[in-house]
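Asker: Contents of data_3.csv (CSV, C-alpha atoms and all ligand atoms) are below:
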chain,number,residue,atom,x,y,z
A,1,MET,CA,-10.4,-9.8,-29.6
A,2,SER,CA,-9.7,-8.0,-26.3
A,3,THR,CA,-7.4,-9.8,-23.8
A,4,GLU,CA,-8.1,-7.4,-21.0
A,5,LEU,CA,-8.9,-9.1,-17.7
A,6,TRP,CA,-11.4,-7.4,-15.3
A,7,TYR,CA,-12.5,-8.6,-11.8
A,8,THR,CA,-16.2,-7.8,-11.4
A,9,GLU,CA,-18.3,-8.0,-8.3
A,10,ARG,CA,-22.0,-7.8,-9.2
A,11,TYR,CA,-24.5,-6.4,-6.7
A,12,GLU,CA,-27.3,-8.3,-8.4
A,13,GLU,CA,-30.1,-7.0,-6.2
A,14,HIS,CA,-29.1,-3.4,-6.9
A,15,GLY,CA,-28.4,-3.8,-10.6
A,16,ALA,CA,-24.9,-2.5,-10.2
A,17,ALA,CA,-21.3,-3.8,-10.2
A,18,LEU,CA,-17.7,-2.9,-9.4
A,19,SER,CA,-14.9,-3.7,-11.8
A,20,LEU,CA,-11.2,-3.5,-11.3
A,21,LYS,CA,-8.8,-4.0,-14.1
A,22,VAL,CA,-6.6,-7.0,-13.4
A,23,ARG,CA,-3.0,-7.6,-14.5
A,24,GLU,CA,-2.7,-11.1,-13.1
A,25,VAL,CA,-4.4,-13.7,-11.0
A,26,LEU,CA,-1.9,-14.4,-8.2
A,27,HIS,CA,-3.6,-17.1,-6.2
A,28,ARG,CA,-6.8,-19.2,-6.0
A,29,GLU,CA,-7.8,-21.7,-3.4
A,30,GLN,CA,-10.9,-23.2,-1.8
A,31,SER,CA,-10.5,-23.3,2.0
A,32,PRO,CA,-12.8,-25.3,4.2
A,33,TYR,CA,-14.9,-22.2,4.5
A,34,GLN,CA,-14.7,-20.1,1.4
A,35,ARG,CA,-13.0,-19.4,-2.0
A,36,ILE,CA,-10.0,-17.2,-1.5
A,37,GLU,CA,-8.6,-15.3,-4.5
A,38,ILE,CA,-5.8,-12.8,-4.9
A,39,PHE,CA,-5.4,-10.5,-8.0
A,40,ALA,CA,-2.8,-8.0,-9.0
A,41,THR,CA,-4.9,-5.0,-10.2
A,42,GLU,CA,-3.9,-2.2,-12.5
A,43,SER,CA,-4.5,0.7,-10.1
A,44,PHE,CA,-5.7,-0.7,-6.7
A,45,GLY,CA,-2.7,-2.9,-6.0
A,46,THR,CA,-3.3,-6.4,-4.6
A,47,LEU,CA,-6.9,-7.4,-4.2
A,48,MET,CA,-8.3,-10.2,-1.9
A,49,THR,CA,-11.8,-11.6,-2.5
A,50,LEU,CA,-13.7,-14.2,-0.5
A,51,ASP,CA,-16.4,-16.1,-2.4
A,52,GLY,CA,-16.2,-13.4,-5.1
A,53,LEU,CA,-16.7,-10.5,-2.7
A,54,VAL,CA,-14.0,-7.8,-2.2
A,55,MET,CA,-12.4,-7.9,1.2
A,56,VAL,CA,-9.2,-5.8,0.8
A,57,THR,CA,-7.3,-3.8,-1.7
A,58,ASP,CA,-3.9,-2.2,-1.1
A,59,ARG,CA,-5.1,1.2,-2.2
A,60,ASP,CA,-8.2,1.8,0.0
A,61,ASN,CA,-8.0,-0.6,3.0
A,62,PHE,CA,-6.7,2.1,5.2
A,63,LEU,CA,-10.1,3.8,5.3
A,64,TYR,CA,-11.8,0.7,6.7
A,65,HIS,CA,-9.1,-0.5,9.0
A,66,GLU,CA,-8.5,2.9,10.6
A,67,MET,CA,-12.3,3.5,11.1
A,68,MET,CA,-12.8,0.0,12.5
A,69,SER,CA,-10.2,0.5,15.2
A,70,HIS,CA,-9.4,4.1,16.2
A,71,PRO,CA,-12.8,5.5,17.0
A,72,ALA,CA,-13.5,2.6,19.4
A,73,LEU,CA,-10.0,2.7,20.9
A,74,PHE,CA,-10.1,6.5,21.5
A,75,ILE,CA,-13.6,6.3,23.0
A,76,HIS,CA,-12.3,3.8,25.7
A,77,PRO,CA,-10.4,5.6,28.4
A,78,ALA,CA,-7.7,2.9,28.7
A,79,PRO,CA,-8.0,0.1,26.1
A,80,ARG,CA,-5.7,-2.6,27.3
A,81,ARG,CA,-7.4,-5.8,26.2
A,82,VAL,CA,-8.8,-5.9,22.7
A,83,LEU,CA,-10.7,-8.7,20.9
A,84,ILE,CA,-11.0,-8.8,17.1
A,85,ILE,CA,-13.5,-11.2,15.6
A,86,GLY,CA,-12.8,-12.0,12.0
A,87,GLY,CA,-10.3,-9.6,10.5
A,88,GLY,CA,-8.3,-12.4,8.9
A,89,ASP,CA,-6.3,-10.0,6.6
A,90,CYS,CA,-4.8,-8.6,9.8
A,91,GLY,CA,-5.2,-4.9,8.8
A,92,THR,CA,-7.3,-4.2,11.9
A,93,LEU,CA,-4.9,-6.0,14.2
A,94,ARG,CA,-2.1,-3.8,12.8
A,95,GLU,CA,-4.0,-0.6,13.6
A,96,VAL,CA,-5.0,-1.8,17.1
A,97,LEU,CA,-1.3,-2.6,17.9
A,98,ARG,CA,-0.3,0.9,16.9
A,99,HIS,CA,-1.9,1.9,20.2
A,100,PRO,CA,0.8,1.7,22.9
A,101,GLU,CA,-1.8,1.3,25.7
A,102,VAL,CA,-2.9,-2.0,24.2
A,103,GLU,CA,-1.3,-4.9,26.1
A,104,GLU,CA,-3.1,-7.7,24.4
A,105,ALA,CA,-4.9,-8.0,21.0
A,106,VAL,CA,-6.6,-11.3,20.5
A,107,MET,CA,-7.7,-12.1,17.0
A,108,VAL,CA,-10.3,-14.9,16.6
A,109,GLU,CA,-10.7,-15.7,12.9
A,110,LEU,CA,-12.7,-18.6,11.6
A,111,ASP,CA,-10.5,-19.3,8.6
A,112,GLU,CA,-6.8,-19.7,9.2
A,113,ARG,CA,-6.2,-19.8,5.4
A,114,VAL,CA,-7.3,-16.1,5.1
A,115,THR,CA,-4.5,-15.1,7.4
A,116,ARG,CA,-1.9,-17.3,5.9
A,117,VAL,CA,-2.7,-16.0,2.4
A,118,ALA,CA,-2.7,-12.4,3.7
A,119,GLU,CA,0.8,-13.0,5.2
A,120,ARG,CA,2.0,-13.9,1.8
A,121,PHE,CA,0.2,-11.3,-0.3
A,122,PHE,CA,-0.4,-8.4,2.1
A,123,PRO,CA,2.8,-8.2,4.2
A,124,LEU,CA,2.2,-4.6,5.2
A,125,LEU,CA,-1.2,-5.5,6.8
A,126,CYS,CA,0.5,-8.4,8.6
A,127,GLU,CA,3.6,-6.4,9.8
A,128,LYS,CA,2.4,-6.6,13.5
A,129,ASN,CA,1.6,-10.4,13.4
A,130,HIS,CA,4.7,-11.2,15.4
A,131,ASP,CA,4.2,-8.4,17.9
A,132,ARG,CA,4.4,-10.0,21.4
A,133,ARG,CA,1.0,-8.6,22.2
A,134,ALA,CA,-0.8,-10.4,19.3
A,135,TYR,CA,-2.6,-13.7,19.9
A,136,PHE,CA,-4.3,-15.7,17.2
A,137,HIS,CA,-7.1,-18.3,17.5
A,138,PHE,CA,-8.6,-19.9,14.4
A,139,THR,CA,-12.1,-20.7,15.5
A,140,ASP,CA,-15.7,-19.4,15.5
A,141,GLY,CA,-15.9,-15.9,17.1
A,142,ILE,CA,-19.5,-16.4,18.2
A,143,ALA,CA,-18.6,-19.3,20.5
A,144,TRP,CA,-15.4,-17.5,21.6
A,145,VAL,CA,-17.4,-14.5,22.9
A,146,GLN,CA,-20.1,-16.7,24.5
A,147,GLU,CA,-17.4,-18.6,26.4
A,148,ALA,CA,-15.4,-15.6,27.4
A,149,GLU,CA,-14.9,-14.6,31.0
A,150,ALA,CA,-17.1,-11.7,32.1
A,151,ALA,CA,-15.5,-8.3,31.7
A,152,ARG,CA,-12.5,-9.9,29.9
A,153,TYR,CA,-12.1,-7.2,27.2
A,154,ASP,CA,-12.0,-3.4,26.9
A,155,VAL,CA,-12.8,-3.2,23.2
A,156,ILE,CA,-14.4,-5.8,20.9
A,157,ILE,CA,-14.1,-5.2,17.1
A,158,VAL,CA,-16.2,-7.3,14.8
A,159,ASP,CA,-14.4,-7.2,11.4
A,160,SER,CA,-16.6,-9.7,9.7
A,161,THR,CA,-17.8,-10.7,6.2
A,162,ASP,CA,-21.4,-9.8,5.2
A,163,PRO,CA,-24.2,-11.0,7.5
A,164,VAL,CA,-24.7,-14.3,5.8
A,165,GLY,CA,-23.3,-17.8,6.5
A,166,PRO,CA,-21.0,-18.0,9.5
A,167,ALA,CA,-21.0,-14.2,9.9
A,168,ALA,CA,-24.8,-13.9,10.2
A,169,GLY,CA,-24.8,-14.6,14.0
A,170,LEU,CA,-22.3,-11.7,14.5
A,171,PHE,CA,-25.1,-9.3,13.9
A,172,SER,CA,-27.6,-10.7,16.3
A,173,THR,CA,-28.9,-9.4,19.7
A,174,GLU,CA,-27.8,-12.6,21.3
A,175,PHE,CA,-24.2,-12.1,20.1
A,176,TYR,CA,-24.3,-8.4,21.2
A,177,ARG,CA,-25.5,-9.5,24.7
A,178,ALA,CA,-22.5,-11.9,24.9
A,179,CYS,CA,-20.2,-9.0,23.9
A,180,TYR,CA,-21.8,-6.8,26.6
A,181,ARG,CA,-21.0,-9.5,29.2
A,182,ALA,CA,-17.4,-10.0,27.9
A,183,LEU,CA,-16.7,-6.2,28.1
A,184,GLY,CA,-15.5,-4.4,31.1
A,185,GLU,CA,-17.2,-1.4,32.8
A,186,GLU,CA,-16.4,1.1,30.1
A,187,GLY,CA,-16.3,-1.4,27.3
A,188,VAL,CA,-16.8,-0.5,23.6
A,189,LEU,CA,-18.1,-2.8,20.9
A,190,VAL,CA,-17.7,-1.9,17.2
A,191,GLY,CA,-18.9,-4.0,14.2
A,192,GLN,CA,-18.8,-3.3,10.5
A,193,SER,CA,-22.3,-2.6,9.4
A,194,GLU,CA,-22.3,-2.3,5.6
A,195,SER,CA,-23.4,0.5,3.3
A,196,PRO,CA,-25.6,3.4,4.4
A,197,LEU,CA,-27.0,3.8,0.9
A,198,LEU,CA,-27.7,0.1,0.3
A,199,HIS,CA,-28.2,-1.4,3.8
A,200,ALA,CA,-29.7,1.4,5.9
A,201,ASP,CA,-32.1,-1.1,7.5
A,202,LEU,CA,-29.2,-3.3,8.6
A,203,ILE,CA,-27.5,-0.2,10.3
A,204,ARG,CA,-30.7,0.6,12.1
A,205,GLN,CA,-31.0,-3.0,13.1
A,206,CYS,CA,-27.5,-3.1,14.5
A,207,GLN,CA,-28.1,0.0,16.5
A,208,ALA,CA,-31.4,-1.3,17.8
A,209,ARG,CA,-30.0,-4.7,18.7
A,210,MET,CA,-27.0,-3.2,20.5
A,211,ALA,CA,-29.3,-1.0,22.5
A,212,GLU,CA,-31.5,-4.0,23.3
A,213,ALA,CA,-28.4,-5.9,24.4
A,214,GLY,CA,-27.8,-3.2,27.0
A,215,PHE,CA,-25.4,-0.7,25.5
A,216,GLY,CA,-26.2,2.7,26.9
A,217,ALA,CA,-24.9,4.6,23.9
A,218,VAL,CA,-25.1,3.5,20.3
A,219,ASN,CA,-24.0,5.3,17.2
A,220,SER,CA,-22.4,4.6,13.8
A,221,VAL,CA,-19.5,6.1,11.9
A,222,TYR,CA,-19.7,6.7,8.2
A,223,PHE,CA,-16.7,6.7,5.8
A,224,PRO,CA,-15.9,6.3,2.1
A,225,GLN,CA,-14.7,2.9,0.9
A,226,PHE,CA,-14.3,2.8,-2.9
A,227,SER,CA,-14.1,-1.0,-3.3
A,228,TYR,CA,-17.2,-1.9,-1.2
A,229,PRO,CA,-20.7,-1.7,-2.5
A,230,SER,CA,-21.8,1.9,-3.2
A,231,GLY,CA,-18.3,3.2,-2.1
A,232,TRP,CA,-19.8,4.3,1.3
A,233,TRP,CA,-19.5,2.2,4.4
A,234,SER,CA,-20.3,2.2,8.1
A,235,ALA,CA,-19.3,0.7,11.5
A,236,THR,CA,-21.7,0.7,14.4
A,237,LEU,CA,-20.5,1.2,18.0
A,238,GLY,CA,-22.1,0.4,21.3
A,239,ARG,CA,-20.7,1.8,24.5
A,240,LYS,CA,-21.2,0.8,28.1
A,241,GLY,CA,-21.6,4.4,29.0
A,242,LEU,CA,-24.2,7.1,28.3
A,243,ASP,CA,-22.9,8.9,25.3
A,244,PHE,CA,-20.1,9.2,22.7
A,245,ASP,CA,-19.1,12.8,23.5
A,246,ALA,CA,-16.3,11.9,25.7
A,247,PHE,CA,-13.2,10.5,23.9
A,248,ARG,CA,-9.5,10.8,24.4
A,249,ASP,CA,-9.3,13.9,22.2
A,250,ALA,CA,-5.7,14.9,23.2
A,251,ASP,CA,-4.4,11.4,22.6
A,252,ALA,CA,-6.2,11.2,19.2
A,253,ARG,CA,-4.5,14.5,18.2
A,254,ALA,CA,-1.1,13.2,19.2
A,255,PHE,CA,-1.6,9.9,17.3
A,256,THR,CA,0.1,10.6,14.0
A,257,GLY,CA,0.6,8.5,11.0
A,258,ASN,CA,-3.0,7.9,10.0
A,259,ARG,CA,-4.2,8.5,6.5
A,260,TYR,CA,-7.9,9.1,7.3
A,261,TYR,CA,-8.8,9.1,11.0
A,262,HIS,CA,-8.0,12.2,13.1
A,263,ALA,CA,-9.6,13.8,16.2
A,264,ASP,CA,-11.9,16.2,14.3
A,265,LEU,CA,-13.0,13.5,11.9
A,266,HIS,CA,-13.8,11.3,15.0
A,267,ARG,CA,-16.7,13.7,15.7
A,268,ALA,CA,-17.6,14.4,12.0
A,269,ALA,CA,-17.8,10.7,11.1
A,270,GLN,CA,-20.6,10.2,13.7
A,271,VAL,CA,-22.9,12.6,12.1
A,272,ALA,CA,-25.6,10.6,10.3
A,273,PRO,CA,-27.1,11.5,7.0
A,274,ALA,CA,-30.7,12.8,7.3
A,275,PHE,CA,-32.2,9.5,6.1
A,276,LEU,CA,-30.5,7.7,9.0
A,277,LEU,CA,-31.5,10.1,11.8
A,278,PRO,CA,-33.9,8.7,14.4
A,279,ALA,CA,-37.5,9.5,13.4
B,301,LIG,N1,-13.1,-5.9,5.6
B,301,LIG,C1,-13.9,-7.0,5.2
B,301,LIG,C2,-15.3,-6.6,4.7
B,301,LIG,O1,-16.0,-5.8,5.3
B,301,LIG,O2,-15.7,-7.1,3.6
B,301,LIG,C3,-13.9,-8.0,6.1
B,301,LIG,C4,-12.5,-8.6,6.2
B,301,LIG,S1,-12.1,-10.0,7.1
B,301,LIG,C5,-11.2,-10.9,5.8
B,301,LIG,C6,-13.6,-10.9,7.3
B,301,LIG,C7,-13.3,-12.3,8.0
B,301,LIG,O3,-14.4,-12.6,8.9
B,301,LIG,C8,-13.1,-13.4,7.0
B,301,LIG,O4,-11.8,-13.8,7.0
B,301,LIG,C9,-14.0,-14.6,7.6
B,301,LIG,O5,-13.4,-15.8,7.6
B,301,LIG,C10,-14.2,-14.0,9.1
B,301,LIG,N2,-15.4,-14.6,9.7
B,301,LIG,C11,-16.7,-14.7,9.2
B,301,LIG,N3,-17.5,-15.3,10.1
B,301,LIG,C12,-16.7,-15.5,11.3
B,301,LIG,C13,-17.0,-16.0,12.6
B,301,LIG,N4,-18.2,-16.5,12.9
B,301,LIG,N5,-16.0,-16.1,13.5
B,301,LIG,C14,-14.7,-15.6,13.1
B,301,LIG,N6,-14.4,-15.1,11.9
B,301,LIG,C15,-15.4,-15.0,11.0
Hey, can you dump this file as C-alpha cells for me?

Answerer:
Amino acid sequence: MSTELWYTERYEEHGAALSLKVREVLHREQSPYQRIEIFATESFGTLMTLDGLVMVTDRDNFLYHEMMSHPALFIHPAPRRVLIIGGGDCGTLREVLRHPEVEEAVMVELDERVTRVAERFFPLLCEKNHDRRAYFHFTDGIAWVQEAEAARYDVIIVDSTDPVGPAAGLFSTEFYRACYRALGEEGVLVGQSESPLLHADLIRQCQARMAEAGFGAVNSVYFPQFSYPSGWWSATLGRKGLDFDAFRDADARAFTGNRYYHADLHRAAQVAPAFLLPA
C-alpha cells in the first residue's frame, strides 16, 4: 500500500485539480474565519492553504507578489502611502517596502492568524514586518476603505482570497468607488482578478466596475502562476489618469533584485490575449 501523501485542490466546476507531493503536514488550525493549513511539499517548499485553496508556495509566490505590487507602484509617479487589503502572508508588503519612496505601507487583513502563521512558516515573506514603515490592522478591508479619509493613499492593492465570503465585496463597484475616493489625484488601484482562462468574465467585470467607479484608465496584467487554477493569473488595475502608457520606466529599470517583473515586462504583461480584447 502506498504511503505517499499528496495535497490536492480540486477545481470541481472545471473537472480539474492540482496536486503537490507532501512530505509533512506542518500545521493545521481553524481560525475564526478559515481553516489554515501548512504543508512541507516535495518540490514547491512550504505551502499555505486557506479553506483548502492554495494561497502561497515558497517556489512560485514571487510571480504573484511582484506582479501585485511593482506595476502599480511604477505607474504612480510618487507612491508614498500604500494600502494593502488582505495579503496576510505579507509577501506583497515585502515587495511594497522594497520601494524606497514608500513612506507608509498599511496592511489591513481580516484574519490575524494568517499573518501569525506566515511569520512562523514563511519568514522570508515576513522579513519586512518590522520595518518602521509597516502598519498592521486586523479588520475588514471593505469597512476600512469606506471609512478612510479622502485622498489618503497613493496606491491601493487588493491581495484577497477568491470573490466569495468576506472577499466578495472586494470585487464590487461600491468598493471600487470607495477606493477611488480614498486615492489621491494620481492614485492607482490594483486587485487580484483570478485566471484569464477560467474566469475571463470576472476580469471583464472587474474592468467594467473600475471604469464605472470613475477610474479613467483600466487594464489588467497577465502572468504565470503554477499553483493557482490553470497556472495563469491576472491582476486588474484602475488609474485616476487617462492611460497606462506613462510609468516610471527609468526607475523600473534601476530596480534590481526581482525574479519576474522588469521594465519591458511591465508593458508586455498588459497585452491581453485575443479572447480578452474589447469587442
Ligand atoms: N495570493 C492569494 C490568492 O490569490 O489566492 C491571496 C493571499 S492572502 C493570504 C488573502 C487574504 O485576504 C486572506 O488572508 C484573507 O483573510 C484576506 N481577506 C479576505 N477578505 C478580506 C477582507 N474583506 N478584508 C481584509 N482581508 C480579507

Asker: For Trp233 (chain A), work out the shell of residues within 10 Å, counting all atoms listed in the file and skipping chain neighbours fewer than 4 positions away, then give it as number ranges by chain.

Answerer: A: 63-64, 67, 192-199, 221-229

Asker: Sort by chain and increasing residue number a table of all residues of chain A within 6 Å of ligand LIG 301 (chain B), each with its closest pair of atoms and their distance in Å to one decimal, counting all atoms listed in the file, and write it as JSON lines.

Answerer:
{"residue": "A:Met55", "atom": "CA", "partner": "B:LIG301", "partner_atom": "O2", "distance": 4.2}
{"residue": "A:Ile85", "atom": "CA", "partner": "B:LIG301", "partner_atom": "C14", "distance": 5.2}
{"residue": "A:Gly86", "atom": "CA", "partner": "B:LIG301", "partner_atom": "N6", "distance": 3.5}
{"residue": "A:Gly87", "atom": "CA", "partner": "B:LIG301", "partner_atom": "S1", "distance": 3.9}
{"residue": "A:Gly88", "atom": "CA", "partner": "B:LIG301", "partner_atom": "O4", "distance": 4.2}
{"residue": "A:Asp89", "atom": "CA", "partner": "B:LIG301", "partner_atom": "C5", "distance": 5.0}
{"residue": "A:Val108", "atom": "CA", "partner": "B:LIG301", "partner_atom": "C14", "distance": 5.7}
{"residue": "A:Glu109", "atom": "CA", "partner": "B:LIG301", "partner_atom": "N6", "distance": 3.9}
{"residue": "A:Leu110", "atom": "CA", "partner": "B:LIG301", "partner_atom": "N6", "distance": 3.9}
{"residue": "A:Asp111", "atom": "CA", "partner": "B:LIG301", "partner_atom": "O5", "distance": 4.7}
{"residue": "A:Val114", "atom": "CA", "partner": "B:LIG301", "partner_atom": "O4", "distance": 5.4}
{"residue": "A:Asp140", "atom": "CA", "partner": "B:LIG301", "partner_atom": "N5", "distance": 3.9}
{"residue": "A:Gly141", "atom": "CA", "partner": "B:LIG301", "partner_atom": "N5", "distance": 3.6}
{"residue": "A:Ile142", "atom": "CA", "partner": "B:LIG301", "partner_atom": "N4", "distance": 5.5}
{"residue": "A:Asp159", "atom": "CA", "partner": "B:LIG301", "partner_atom": "C3", "distance": 5.4}
{"residue": "A:Ser160", "atom": "CA", "partner": "B:LIG301", "partner_atom": "O3", "distance": 3.7}
{"residue": "A:Thr161", "atom": "CA", "partner": "B:LIG301", "partner_atom": "C6", "distance": 4.3}
{"residue": "A:Pro166", "atom": "CA", "partner": "B:LIG301", "partner_atom": "N3", "distance": 4.5}
{"residue": "A:Ala167", "atom": "CA", "partner": "B:LIG301", "partner_atom": "N3", "distance": 3.7}

Asker: Give me, please, the distance in Å between CA of Pro32 (chain A) and CA of Asp51 (chain A), quoted to one decimal.

Answerer: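 Distance reported for this atom pair: 11.9 Å.
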
Asker: Can you work out the spacing between CA of His70 (chain A) and CA of Leu20 (chain A) in Å, to one decimal?

Answerer: 28.6 Å

Asker: What's the 10 Å shell around Glu174 (chain A), counting all atoms listed in the file, without same-chain residues fewer than 6 positions away, as a ChimeraX atom specification?

Answerer: /A:142,146,180,209-210,212-213

Asker: Restricting it to C-alpha atoms, dump the selection as a PDB file, keeping the file's coordinate frame.

Answerer:
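Wrote out_28.pdb, looks like this:
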ATOM      1  CA  ILE A 142     -19.500 -16.400  18.200  1.00  0.00           C
ATOM      2  CA  GLN A 146     -20.100 -16.700  24.500  1.00  0.00           C
ATOM      3  CA  TYR A 180     -21.800  -6.800  26.600  1.00  0.00           C
ATOM      4  CA  ARG A 209     -30.000  -4.700  18.700  1.00  0.00           C
ATOM      5  CA  MET A 210     -27.000  -3.200  20.500  1.00  0.00           C
ATOM      6  CA  GLU A 212     -31.500  -4.000  23.300  1.00  0.00           C
ATOM      7  CA  ALA A 213     -28.400  -5.900  24.400  1.00  0.00           C
TER       8      ALA A 213
END

Asker: Any idea what the distance is between CA of Gly231 (chain A) and CA of Val22 (chain A)?

Answerer: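 About the pair CA of Gly231 (chain A) and CA of Val22 (chain A): they are 19.2 Å apart.
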
Asker: Using only C-alpha atoms, which residue out of A:Thr49, A:Asn219, A:Val190, A:Gln270 lies closest to Leu170 (chain A)?

Answerer: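 Closest candidate: A:Val190.
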
Asker: So which one's closest to Arg94 (chain A), A:Asn129, A:Gln207, A:Thr57, A:Thr173? Using only C-alpha atoms, please.

Answerer: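 Closest residue, counting only C-alpha atoms: A:Asn129.
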
Asker: Residues within 8 Å of Ala40 (chain A), please, as a JSON list (two decimals) with C-alpha atoms, in the coordinates of the input. Count all atoms listed in the file; anything in the same chain fewer than 2 positions from it doesn't count.

Answerer:
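Ended up saving to selection-v2.json:
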[["chain", "number", "residue", "atom", "x", "y", "z"],
["A", 22, "VAL", "CA", -6.60, -7.00, -13.40],
["A", 23, "ARG", "CA", -3.00, -7.60, -14.50],
["A", 24, "GLU", "CA", -2.70, -11.10, -13.10],
["A", 25, "VAL", "CA", -4.40, -13.70, -11.00],
["A", 26, "LEU", "CA", -1.90, -14.40, -8.20],
["A", 38, "ILE", "CA", -5.80, -12.80, -4.90],
["A", 42, "GLU", "CA", -3.90, -2.20, -12.50],
["A", 45, "GLY", "CA", -2.70, -2.90, -6.00],
["A", 46, "THR", "CA", -3.30, -6.40, -4.60],
["A", 47, "LEU", "CA", -6.90, -7.40, -4.20]]

Asker: For Ala118 (chain A), which residue out of A:Ile36, A:Leu53, A:Leu277, A:Ala252 is the nearest one, using only C-alpha atoms?

Answerer: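 Going through A:Ile36, A:Leu53, A:Leu277, A:Ala252 one by one, the smallest distance to Ala118 (chain A) is for A:Ile36.
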
Asker: Name the closest residue to Val96 (chain A) among the candidates A:Ser69, A:Ser234, A:Ser172, A:Thr115; distances are taken between atoms, counting all atoms listed in the file.

Answerer: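 Of A:Ser69, A:Ser234, A:Ser172, A:Thr115, the one nearest Val96 (chain A) is A:Ser69, counting all atoms listed in the file.
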
Asker: For a cutoff of 10 Å around the file-coordinate point (-11.4, 13.1, 19.4), which residues qualify once you count only C-alpha atoms? I'd like the result as a PDB file with C-alpha atoms, in the frame of the given file.

Answerer:
ATOM      1  CA  HIS A  70      -9.400   4.100  16.200  1.00  0.00           C
ATOM      2  CA  PRO A  71     -12.800   5.500  17.000  1.00  0.00           C
ATOM      3  CA  PHE A  74     -10.100   6.500  21.500  1.00  0.00           C
ATOM      4  CA  ILE A  75     -13.600   6.300  23.000  1.00  0.00           C
ATOM      5  CA  ASP A 245     -19.100  12.800  23.500  1.00  0.00           C
ATOM      6  CA  ALA A 246     -16.300  11.900  25.700  1.00  0.00           C
ATOM      7  CA  PHE A 247     -13.200  10.500  23.900  1.00  0.00           C
ATOM      8  CA  ARG A 248      -9.500  10.800  24.400  1.00  0.00           C
ATOM      9  CA  ASP A 249      -9.300  13.900  22.200  1.00  0.00           C
ATOM     10  CA  ALA A 250      -5.700  14.900  23.200  1.00  0.00           C
ATOM     11  CA  ASP A 251      -4.400  11.400  22.600  1.00  0.00           C
ATOM     12  CA  ALA A 252      -6.200  11.200  19.200  1.00  0.00           C
ATOM     13  CA  ARG A 253      -4.500  14.500  18.200  1.00  0.00           C
ATOM     14  CA  TYR A 261      -8.800   9.100  11.000  1.00  0.00           C
ATOM     15  CA  HIS A 262      -8.000  12.200  13.100  1.00  0.00           C
ATOM     16  CA  ALA A 263      -9.600  13.800  16.200  1.00  0.00           C
ATOM     17  CA  ASP A 264     -11.900  16.200  14.300  1.00  0.00           C
ATOM     18  CA  LEU A 265     -13.000  13.500  11.900  1.00  0.00           C
ATOM     19  CA  HIS A 266     -13.800  11.300  15.000  1.00  0.00           C
ATOM     20  CA  ARG A 267     -16.700  13.700  15.700  1.00  0.00           C
ATOM     21  CA  ALA A 268     -17.600  14.400  12.000  1.00  0.00           C
TER      22      ALA A 268
END

Asker: Regenerate region 3-18 of chain A at the level of N, CA and C atoms and dump it as a short mmCIF file (atom, residue, chain, number, x, y, z; two decimals), keeping the file's coordinate frame.

Answerer:
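File written: part.cif
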data_model
loop_
_atom_site.label_atom_id
_atom_site.label_comp_id
_atom_site.auth_asym_id
_atom_site.auth_seq_id
_atom_site.Cartn_x
_atom_site.Cartn_y
_atom_site.Cartn_z
N THR A 3 -7.92 -8.89 -24.82
CA THR A 3 -7.40 -9.80 -23.80
C THR A 3 -7.39 -9.23 -22.44
N GLU A 4 -8.08 -8.09 -22.32
CA GLU A 4 -8.10 -7.40 -21.00
C GLU A 4 -8.84 -8.32 -19.99
N LEU A 5 -8.32 -8.27 -18.75
CA LEU A 5 -8.90 -9.10 -17.70
C LEU A 5 -9.47 -8.11 -16.62
N TRP A 6 -10.74 -8.26 -16.29
CA TRP A 6 -11.40 -7.40 -15.30
C TRP A 6 -11.96 -8.33 -14.20
N TYR A 7 -11.79 -7.91 -12.92
CA TYR A 7 -12.50 -8.60 -11.80
C TYR A 7 -13.81 -7.78 -11.65
N THR A 8 -14.93 -8.48 -11.62
CA THR A 8 -16.20 -7.80 -11.40
C THR A 8 -16.98 -8.41 -10.26
N GLU A 9 -17.39 -7.55 -9.33
CA GLU A 9 -18.30 -8.00 -8.30
C GLU A 9 -19.67 -7.42 -8.59
N ARG A 10 -20.62 -8.31 -8.81
CA ARG A 10 -22.00 -7.80 -9.20
C ARG A 10 -22.81 -7.71 -7.92
N TYR A 11 -23.50 -6.57 -7.82
CA TYR A 11 -24.50 -6.40 -6.70
C TYR A 11 -25.84 -6.61 -7.40
N GLU A 12 -26.16 -7.90 -7.61
CA GLU A 12 -27.30 -8.30 -8.40
C GLU A 12 -28.60 -7.55 -7.97
N GLU A 13 -28.83 -7.54 -6.63
CA GLU A 13 -30.10 -7.00 -6.20
C GLU A 13 -30.20 -5.48 -6.36
N HIS A 14 -29.06 -4.84 -6.65
CA HIS A 14 -29.10 -3.40 -6.90
C HIS A 14 -28.83 -3.05 -8.34
N GLY A 15 -28.66 -4.05 -9.17
CA GLY A 15 -28.40 -3.80 -10.60
C GLY A 15 -27.16 -3.02 -10.84
N ALA A 16 -26.13 -3.30 -10.07
CA ALA A 16 -24.90 -2.50 -10.20
C ALA A 16 -23.70 -3.49 -10.02
N ALA A 17 -22.51 -2.97 -10.30
CA ALA A 17 -21.30 -3.80 -10.20
C ALA A 17 -20.08 -2.93 -9.99
N LEU A 18 -19.02 -3.54 -9.46
CA LEU A 18 -17.70 -2.90 -9.40
C LEU A 18 -16.74 -3.68 -10.19
#
